[in-house]
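Report on the structure given below.
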Amino acid sequence: MFLTPVVPHWPFCNLDTMFVRGLKRKCFDGEEDIEGTLAGIKAIPSYNLQRQSLLDMSLVKLQLCHMLVEPNLCRSVLIANTVRQIQEEMTQDGTWQMINTQSTGQASLDRLVSTDILCRSSREQAEGKHVPGYSTFNKDFEGDQAQDNSETMSTASSVQAPRNLQSNVWEMENPQENKGNFQKSLDQIFETLENKSPNSVEELFSEVDNSYYDLDTMLTGMMSNTKMGHCDGLETFSSPSATTSNSNCKSDLNELDHIVEILVES
Amino acid sequence: MTEVKGAGGGNDIQWCFSQVKGAVDDDVAEADIISTVEFNHSGELLATGDKGGRVVIFQQEQENKTQSHSRGEYNVYSTFQSHEPEFDYLKSLEIEEKINKIRWLPQKNAAQFLLSTNDKTIKLWKISERDKRPEGYNLKEEDGRYRDPTTVTTLRVPVFRPMDLMVEASPRRIFANAHTYHINSISINSDYETYLSADDLRINLWHLEITDRSFNIVDIKPANMEELTEVITAAEFHPNSCNTFVYSSSKGTIRLCDMRASALCDRHSKLFEEPEDPSNRSFFSEIISSISDVKFSHSGRYMMTRDYLSVKIWDLNMENRPVETYQVHEYLRSKLCSLYENDCIFDKFECCWNGSDSIVMTGSYNNFFRMFDRNTKRDITLEASRENNKPRTVLKPRKVCASGKRKKDEISVDSLDFNKKILHTAWHPKENIIAVATTNNLYIFQDKMN
């Protein structure tokens, strides 16, 4: 039983259109336009949602690379670069910090966000996007986070429920640890590309939160065969972690069901 | 190039179906997937490589004077197993036998030579004909058995007698163990003595006679693999300058290197890069800018690059932007997210020039391929399909409807078959004959001769 995708126009949505629309409404139409504000809210969270899904999809692809005979280096590099780009943008506009704030409350979808904040984040996004090369990428997220927490608490209020949902799925318990894990995964991927062995694949794989796959299925309505591909891969390794991850899939899915039901009713 | 008056009164070429090679059924055997197509320097021979490691060479029939309405057909000339699957024991990985590239050497004597490569090993093959054999040995019977010398009463001189044509392919050189990463390109130098092979991170220079040694001329591997953000996607020698070659990258740049400058050409002589269009920027910008193929024009003045959505022509004298850009399938720009999801965004399309460098061709999805006339600025989309293809019937141009109302005979983007992709195409060096490879079939089209 699969849930209706949260973003109905997936997968043919144009991220660019979404972004540009939001930008126009916020910075050019003027703050007095309340309708524009409402529409802006709908545009921007969708963008974040899509971006998050893209990030998840990319990570899954990178993990899958390791299950093949020998990963295509060009493809892996391009996907990893995409992941970095998303990470950088999320860090810049502060949404990366929101993963920490999952426990601080579930903002309802109806909550109005002040236009000031929306304008600011849009402008930041605009600046970020027009810079051809990103500023030096700080891999040490933990350091960044400590500094930015106070500034971004205000943007934390614009966390939308669907995003929280994703955060719940994404992070297991300790968000900081997992971010470190994520970066470590990325680096490990390249190391293992160098000296691939079945052991390293399992190692890498065991660190992955297997509920990724459920997220994809739920949000993007990914083809069932792709998902089956993931599970098939789990089967073939026939390691203890494989069997437990299968059961994790199911329990997480039930949990997600429950959470979304609550949201939809509110 | 002969100019033919088309139905519209212009001088555009009218393409006709000529032949199709390969299995008819829809069930594609993986080994039969065509992975490379290449005409030799005269155009008489057409080689294909497949995923199963085989090379099939077709030869054009001599023109029949009575059949003036069509050029000679291509028939199978030789088939051989070029590469076998191997196992890398150190990494516990299988090395695919798929032929990534074939490049012909110019003909020097009666035999033909070509280089074929898989991910790790390059081989030089000699293809020679045998149409005579010696007969009338004194000490041997015709079947090869030795005769008892005491039974020999007279002596005769053996003579050559005609026999059925036999085409033999034999591996003359094997260039192995020089690439850690997957070989994506090979290119023969204009000196006809050396050639380069390029993998994701390195380019090596070989001498055709020497197999136990190669020179590394480009190395972009970072000290720390975690810092890897760019790979080499294609490389080619300049057609006239034996010291010049180019290589393209996954970030959409092309570097031109001069081997006279230093032994290791890590510093480019020229860097070709078009600044990004900020209005088109998305998370997929880098992926679609990755160059899948680079080809010099026959003249050597221009080079062409293929990225996911376009074909660009560069003047070697101008580095900051291409002189011409042709959109192959711009209607896919709004679908990049789903193309990323199903991995189609990583498809590597090749491109090619016609003999006079006036037209360029490249493939697309739904078994469509596109041609761009650089002079008239007109372009055409054609389809490689068994339906409605009778010899000498002119191919009907196709049109994809990007959005909105679909006109009659147009195809909407959503009904394109992304499993039917034309990645490999080749153009005869002298004539208007093209070879277009679908997944497992090879189509040959010719221009209509009146």
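Letters A, B, ... mark the chains of the structure tokens in the order given; residue numbers begin at 1 per chain; ligand numbers begin at 1, in order shown.
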Subject >> Residues within 9 Å of stretch 40-42 of chain B, only C-alpha atoms, excluding chain neighbours under 4 positions, as a list of chain:residue names >> reply: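 Listing them by chain and then by number gives B:Leu46, B:Ala47, B:Arg103, B:Trp104, B:Leu105, B:Pro106, B:Gln107, B:Leu114, B:His428, B:Pro429, B:Lys430.
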Give me, as CSV, the closest atom pair and its distance (Å, one decimal) for every residue of chain B within a cut-off of 8 Å of chain A, counting only C-alpha atoms, rows sorted by chain and rising number.
residue,atom,partner,partner_atom,distance
B:Lys91,CA,A:Lys196,CA,6.2
B:Ser92,CA,A:Ser197,CA,6.7
B:Leu93,CA,A:Val69,CA,6.3
B:Glu94,CA,A:Val69,CA,6.7
B:Asp200,CA,A:Cys74,CA,7.1
B:Met225,CA,A:Phe190,CA,6.0
B:Glu226,CA,A:Asp187,CA,5.3
B:Leu228,CA,A:Val77,CA,7.2
B:Thr229,CA,A:Val77,CA,5.9
B:Glu230,CA,A:Val77,CA,6.8
B:Val231,CA,A:Cys74,CA,6.1
B:Thr233,CA,A:Cys74,CA,7.7
B:Ser250,CA,A:Cys74,CA,7.0
B:Glu276,CA,A:Pro132,CA,7.6
B:Pro278,CA,A:His130,CA,6.1
B:Asn280,CA,A:Asp16,CA,7.7
B:Arg281,CA,A:Lys129,CA,7.5
B:Ser282,CA,A:Asp16,CA,6.2
B:Phe283,CA,A:Thr82,CA,6.3
B:Phe284,CA,A:Thr82,CA,7.2
B:Glu286,CA,A:Leu78,CA,7.5
B:Ile287,CA,A:Leu78,CA,6.0
B:Ser334,CA,A:Asn14,CA,5.7
B:Lys335,CA,A:Phe12,CA,5.7
B:Cys337,CA,A:Pro11,CA,6.6
B:Ser338,CA,A:Pro11,CA,5.6
B:Glu341,CA,A:Met57,CA,7.4
B:Phe346,CA,A:Arg75,CA,6.7
Can you write just those residues out, C-alpha atoms, as a compact mmCIF listing (two decimals), in the first residue's frame?
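Writing done, so here's out-v8.txt:
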# COMPACT_ATOMS: atom_id res chain seq x y z
CA LYS B 91 39.94 -6.40 -7.42
CA SER B 92 37.65 -9.40 -7.72
CA LEU B 93 35.96 -7.78 -10.67
CA GLU B 94 34.99 -8.95 -14.07
CA ASP B 200 38.56 8.31 -16.84
CA MET B 225 40.43 10.36 -4.40
CA GLU B 226 37.91 12.05 -2.14
CA LEU B 228 37.75 13.82 -7.34
CA THR B 229 35.19 15.99 -9.07
CA GLU B 230 36.04 15.71 -12.74
CA VAL B 231 36.84 12.87 -15.16
CA THR B 233 35.21 11.64 -21.06
CA SER B 250 32.60 15.73 -17.29
CA GLU B 276 27.08 28.90 -17.98
CA PRO B 278 22.49 31.56 -15.34
CA ASN B 280 19.11 27.80 -17.20
CA ARG B 281 20.91 26.78 -14.07
CA SER B 282 19.60 23.77 -12.16
CA PHE B 283 20.95 20.90 -10.15
CA PHE B 284 21.36 19.06 -13.40
CA GLU B 286 26.69 20.01 -14.54
CA ILE B 287 25.46 16.60 -15.59
CA SER B 334 11.97 20.17 -18.55
CA LYS B 335 12.19 16.42 -18.01
CA CYS B 337 14.53 15.17 -13.22
CA SER B 338 12.88 12.02 -14.53
CA GLU B 341 15.81 9.16 -12.08
CA PHE B 346 23.96 9.66 -18.24
**OP:** Could you tell me how far atom CA of B:Ala29 lies from atom CA of B:Thr79, in Å and to one decimal?
**Re:**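 Going from atom CA of B:Ala29 over to atom CA of B:Thr79, I get 17.4 Å.
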**OP:** Please provide as an MDAnalysis selection string all residues within 8 Å of stretch 437-449 of chain B, with the sequence filter that same-chain residues fewer than 2 positions apart are discarded (counting only C-alpha atoms).
**Re:** chainID B and resid 4 13:23 28 32:34 37 69:70 367 384 392 394 420:425 432:435
Please dump the current selection as a compact mmCIF listing (two decimals), in the first residue's frame; keep N, CA, C and O atoms.
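In the end it all went to selection.txt:
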# COMPACT_ATOMS: atom_id res chain seq x y z
N VAL B 4 21.77 17.08 -54.67
CA VAL B 4 20.57 16.49 -55.28
C VAL B 4 19.40 17.42 -55.04
O VAL B 4 19.20 17.90 -53.93
N ILE B 13 19.69 17.04 -48.84
CA ILE B 13 19.82 15.62 -49.13
C ILE B 13 18.52 14.91 -48.81
O ILE B 13 17.86 15.22 -47.82
N GLN B 14 18.17 13.97 -49.65
CA GLN B 14 17.00 13.13 -49.35
C GLN B 14 17.52 11.76 -48.96
O GLN B 14 18.10 11.05 -49.78
N TRP B 15 17.28 11.42 -47.73
CA TRP B 15 17.82 10.17 -47.23
C TRP B 15 16.86 9.02 -47.48
O TRP B 15 15.66 9.13 -47.27
N CYS B 16 17.43 7.91 -47.95
CA CYS B 16 16.63 6.71 -48.21
C CYS B 16 17.18 5.55 -47.41
O CYS B 16 18.38 5.44 -47.21
N PHE B 17 16.26 4.71 -47.04
CA PHE B 17 16.66 3.48 -46.38
C PHE B 17 17.42 2.61 -47.37
O PHE B 17 17.06 2.49 -48.53
N SER B 18 18.49 2.01 -46.91
CA SER B 18 19.25 1.13 -47.79
C SER B 18 19.27 -0.30 -47.24
O SER B 18 18.82 -1.22 -47.90
N GLN B 19 19.80 -0.48 -46.04
CA GLN B 19 19.86 -1.82 -45.47
C GLN B 19 19.70 -1.75 -43.95
O GLN B 19 19.91 -0.71 -43.35
N VAL B 20 19.37 -2.91 -43.40
CA VAL B 20 19.42 -3.03 -41.95
C VAL B 20 20.04 -4.37 -41.60
O VAL B 20 19.75 -5.38 -42.22
N LYS B 21 20.94 -4.37 -40.63
CA LYS B 21 21.64 -5.59 -40.22
C LYS B 21 21.28 -5.91 -38.79
O LYS B 21 21.13 -5.00 -37.96
N GLY B 22 21.17 -7.18 -38.50
CA GLY B 22 20.93 -7.58 -37.12
C GLY B 22 19.61 -8.29 -36.97
O GLY B 22 18.82 -8.41 -37.90
N ALA B 23 19.37 -8.78 -35.77
CA ALA B 23 18.18 -9.59 -35.49
C ALA B 23 16.91 -8.76 -35.62
O ALA B 23 16.89 -7.57 -35.32
N VAL B 28 16.13 -8.44 -27.33
CA VAL B 28 17.52 -8.12 -27.64
C VAL B 28 18.45 -8.94 -26.77
O VAL B 28 18.41 -8.85 -25.56
N ASP B 32 24.42 -8.75 -28.28
CA ASP B 32 24.28 -8.17 -29.62
C ASP B 32 24.17 -6.65 -29.60
O ASP B 32 24.07 -6.03 -30.65
N ILE B 33 24.16 -6.06 -28.44
CA ILE B 33 24.02 -4.60 -28.37
C ILE B 33 25.25 -3.97 -29.01
O ILE B 33 26.38 -4.23 -28.60
N ILE B 34 24.99 -3.12 -29.99
CA ILE B 34 26.09 -2.49 -30.73
C ILE B 34 26.69 -1.39 -29.87
O ILE B 34 25.97 -0.56 -29.32
N VAL B 37 30.57 2.04 -33.96
CA VAL B 37 30.42 1.94 -35.41
C VAL B 37 31.48 2.84 -36.05
O VAL B 37 31.65 3.99 -35.62
N HIS B 69 21.29 3.42 -59.92
CA HIS B 69 20.44 4.16 -59.00
C HIS B 69 20.79 3.93 -57.54
O HIS B 69 20.20 4.49 -56.65
N SER B 70 21.73 3.07 -57.30
CA SER B 70 22.13 2.93 -55.90
C SER B 70 23.59 2.55 -55.81
O SER B 70 24.17 2.01 -56.75
N ASN B 367 14.76 6.11 -31.24
CA ASN B 367 15.44 5.77 -32.50
C ASN B 367 15.45 6.92 -33.49
O ASN B 367 15.51 6.71 -34.71
N ALA B 384 15.20 5.64 -37.35
CA ALA B 384 15.72 4.35 -37.81
C ALA B 384 14.73 3.29 -37.35
O ALA B 384 14.69 2.93 -36.18
N ARG B 392 15.11 2.66 -51.12
CA ARG B 392 14.93 3.78 -52.05
C ARG B 392 13.68 4.61 -51.79
O ARG B 392 13.36 5.49 -52.57
N VAL B 394 12.15 7.57 -49.67
CA VAL B 394 12.74 8.66 -48.91
C VAL B 394 12.20 8.65 -47.48
O VAL B 394 11.01 8.46 -47.25
N LYS B 420 14.90 3.22 -26.61
CA LYS B 420 15.40 3.15 -27.98
C LYS B 420 16.28 4.36 -28.22
O LYS B 420 15.82 5.44 -28.60
N LYS B 421 17.56 4.17 -27.97
CA LYS B 421 18.47 5.31 -28.10
C LYS B 421 19.50 5.03 -29.18
O LYS B 421 19.99 3.92 -29.34
N ILE B 422 19.79 6.08 -29.92
CA ILE B 422 20.84 5.98 -30.95
C ILE B 422 22.06 6.70 -30.42
O ILE B 422 22.12 7.93 -30.40
N LEU B 423 23.02 5.91 -29.96
CA LEU B 423 24.23 6.49 -29.37
C LEU B 423 25.35 6.59 -30.39
O LEU B 423 26.22 7.44 -30.28
N HIS B 424 25.35 5.67 -31.37
CA HIS B 424 26.48 5.57 -32.30
C HIS B 424 26.03 5.78 -33.73
O HIS B 424 25.11 5.09 -34.20
N THR B 425 26.69 6.71 -34.38
CA THR B 425 26.41 6.96 -35.81
C THR B 425 27.75 7.18 -36.51
O THR B 425 28.73 7.57 -35.89
N ASN B 432 27.51 10.29 -49.35
CA ASN B 432 26.37 10.47 -48.44
C ASN B 432 25.78 9.12 -48.09
O ASN B 432 24.68 8.75 -48.53
N ILE B 433 26.54 8.38 -47.33
CA ILE B 433 26.09 7.10 -46.80
C ILE B 433 26.31 7.18 -45.30
O ILE B 433 27.39 7.56 -44.85
N ILE B 434 25.28 6.85 -44.53
CA ILE B 434 25.43 6.91 -43.08
C ILE B 434 25.07 5.57 -42.46
O ILE B 434 24.22 4.84 -42.98
N ALA B 435 25.73 5.27 -41.36
CA ALA B 435 25.44 4.06 -40.59
C ALA B 435 24.93 4.51 -39.23
O ALA B 435 25.57 5.32 -38.56
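Here atom CA of B:Pro275 stands at a distance of 11.5 Å from atom CA of B:Lys251.
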Subject >> Separation of atom CA of B:Ala426 from atom CA of B:Leu205, in Å and rounded to one decimal >> reply: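 Value for the atom CA of B:Ala426-atom CA of B:Leu205 distance: 25.2 Å.
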**OP:** Mind checking which residues fall within 12 Å of B:Thr325, counting only C-alpha atoms, ignoring those fewer than 4 positions away in the same chain, and posting them as a ChimeraX atom specification?
**Re:** /B:274,303-307,309-315,321,330,360,372-374,377
Can I get the selected residues back with N, CA and C atoms, as a PDB file, in the first residue's frame?
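To be explicit, this is the file written out as result06.pdb:
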ATOM      1  N   GLU B 274      32.409  27.166 -22.322  1.00  0.00           N
ATOM      2  CA  GLU B 274      31.393  28.188 -22.511  1.00  0.00           C
ATOM      3  C   GLU B 274      30.847  28.568 -21.152  1.00  0.00           C
ATOM      4  N   MET B 303      36.313  21.709 -34.004  1.00  0.00           N
ATOM      5  CA  MET B 303      36.004  20.465 -33.319  1.00  0.00           C
ATOM      6  C   MET B 303      34.559  20.535 -32.837  1.00  0.00           C
ATOM      7  N   MET B 304      33.971  19.364 -32.725  1.00  0.00           N
ATOM      8  CA  MET B 304      32.569  19.298 -32.314  1.00  0.00           C
ATOM      9  C   MET B 304      32.490  18.566 -30.984  1.00  0.00           C
ATOM     10  N   THR B 305      31.640  19.045 -30.087  1.00  0.00           N
ATOM     11  CA  THR B 305      31.426  18.344 -28.824  1.00  0.00           C
ATOM     12  C   THR B 305      29.943  18.049 -28.670  1.00  0.00           C
ATOM     13  N   ARG B 306      29.646  16.961 -28.006  1.00  0.00           N
ATOM     14  CA  ARG B 306      28.257  16.570 -27.752  1.00  0.00           C
ATOM     15  C   ARG B 306      28.060  16.527 -26.247  1.00  0.00           C
ATOM     16  N   ASP B 307      27.094  17.304 -25.770  1.00  0.00           N
ATOM     17  CA  ASP B 307      26.700  17.148 -24.383  1.00  0.00           C
ATOM     18  C   ASP B 307      25.269  16.638 -24.399  1.00  0.00           C
ATOM     19  N   LEU B 309      22.223  17.746 -24.217  1.00  0.00           N
ATOM     20  CA  LEU B 309      21.135  18.356 -24.987  1.00  0.00           C
ATOM     21  C   LEU B 309      21.584  19.006 -26.293  1.00  0.00           C
ATOM     22  N   SER B 310      22.867  19.178 -26.486  1.00  0.00           N
ATOM     23  CA  SER B 310      23.262  19.951 -27.674  1.00  0.00           C
ATOM     24  C   SER B 310      24.553  19.450 -28.304  1.00  0.00           C
ATOM     25  N   VAL B 311      24.771  19.972 -29.506  1.00  0.00           N
ATOM     26  CA  VAL B 311      26.021  19.748 -30.237  1.00  0.00           C
ATOM     27  C   VAL B 311      26.658  21.121 -30.417  1.00  0.00           C
ATOM     28  N   LYS B 312      27.938  21.239 -30.123  1.00  0.00           N
ATOM     29  CA  LYS B 312      28.601  22.541 -30.251  1.00  0.00           C
ATOM     30  C   LYS B 312      29.800  22.422 -31.178  1.00  0.00           C
ATOM     31  N   ILE B 313      29.946  23.423 -32.019  1.00  0.00           N
ATOM     32  CA  ILE B 313      31.094  23.484 -32.915  1.00  0.00           C
ATOM     33  C   ILE B 313      32.021  24.570 -32.395  1.00  0.00           C
ATOM     34  N   TRP B 314      33.263  24.212 -32.214  1.00  0.00           N
ATOM     35  CA  TRP B 314      34.255  25.151 -31.699  1.00  0.00           C
ATOM     36  C   TRP B 314      35.277  25.448 -32.780  1.00  0.00           C
ATOM     37  N   ASP B 315      35.660  26.711 -32.836  1.00  0.00           N
ATOM     38  CA  ASP B 315      36.783  27.101 -33.682  1.00  0.00           C
ATOM     39  C   ASP B 315      38.014  26.991 -32.787  1.00  0.00           C
ATOM     40  N   ARG B 321      33.918  30.533 -26.322  1.00  0.00           N
ATOM     41  CA  ARG B 321      32.576  30.030 -26.603  1.00  0.00           C
ATOM     42  C   ARG B 321      32.580  29.303 -27.954  1.00  0.00           C
ATOM     43  N   GLU B 330      15.858  19.825 -27.162  1.00  0.00           N
ATOM     44  CA  GLU B 330      15.646  20.808 -26.104  1.00  0.00           C
ATOM     45  C   GLU B 330      14.390  20.504 -25.295  1.00  0.00           C
ATOM     46  N   VAL B 360      26.613  17.920 -39.594  1.00  0.00           N
ATOM     47  CA  VAL B 360      26.943  17.104 -38.431  1.00  0.00           C
ATOM     48  C   VAL B 360      25.719  16.286 -38.045  1.00  0.00           C
ATOM     49  N   PHE B 372      22.377  18.396 -38.735  1.00  0.00           N
ATOM     50  CA  PHE B 372      22.385  19.856 -38.787  1.00  0.00           C
ATOM     51  C   PHE B 372      23.275  20.304 -39.932  1.00  0.00           C
ATOM     52  N   ASP B 373      22.693  21.052 -40.846  1.00  0.00           N
ATOM     53  CA  ASP B 373      23.463  21.584 -41.972  1.00  0.00           C
ATOM     54  C   ASP B 373      24.043  22.924 -41.536  1.00  0.00           C
ATOM     55  N   ARG B 374      25.350  23.006 -41.499  1.00  0.00           N
ATOM     56  CA  ARG B 374      25.988  24.211 -40.979  1.00  0.00           C
ATOM     57  C   ARG B 374      25.849  25.393 -41.923  1.00  0.00           C
ATOM     58  N   LYS B 377      21.750  26.103 -42.131  1.00  0.00           N
ATOM     59  CA  LYS B 377      21.196  26.184 -40.782  1.00  0.00           C
ATOM     60  C   LYS B 377      19.898  25.398 -40.641  1.00  0.00           C
TER      61      LYS B 377
END
**OP:** as a list in words, list the residues of stretch 109-343 of chain B assigned to helix (DSSP H, G or I) by DSSP on the backbone atoms of this structure.
**Re:**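 Helix (DSSP H, G or I) assignments inside stretch 109-343 of chain B correspond to Pro149, Thr150, Thr151, Met225, Glu226, Glu227, Pro278, Ser279, Asn280, Ser285, Glu286, Ile287, Ile288, Ser289, Glu330, Tyr331, Leu332, Arg333, Ser334, Lys335, Leu336, Cys337, Ser338, Leu339, Tyr340 and Glu341 of chain B.
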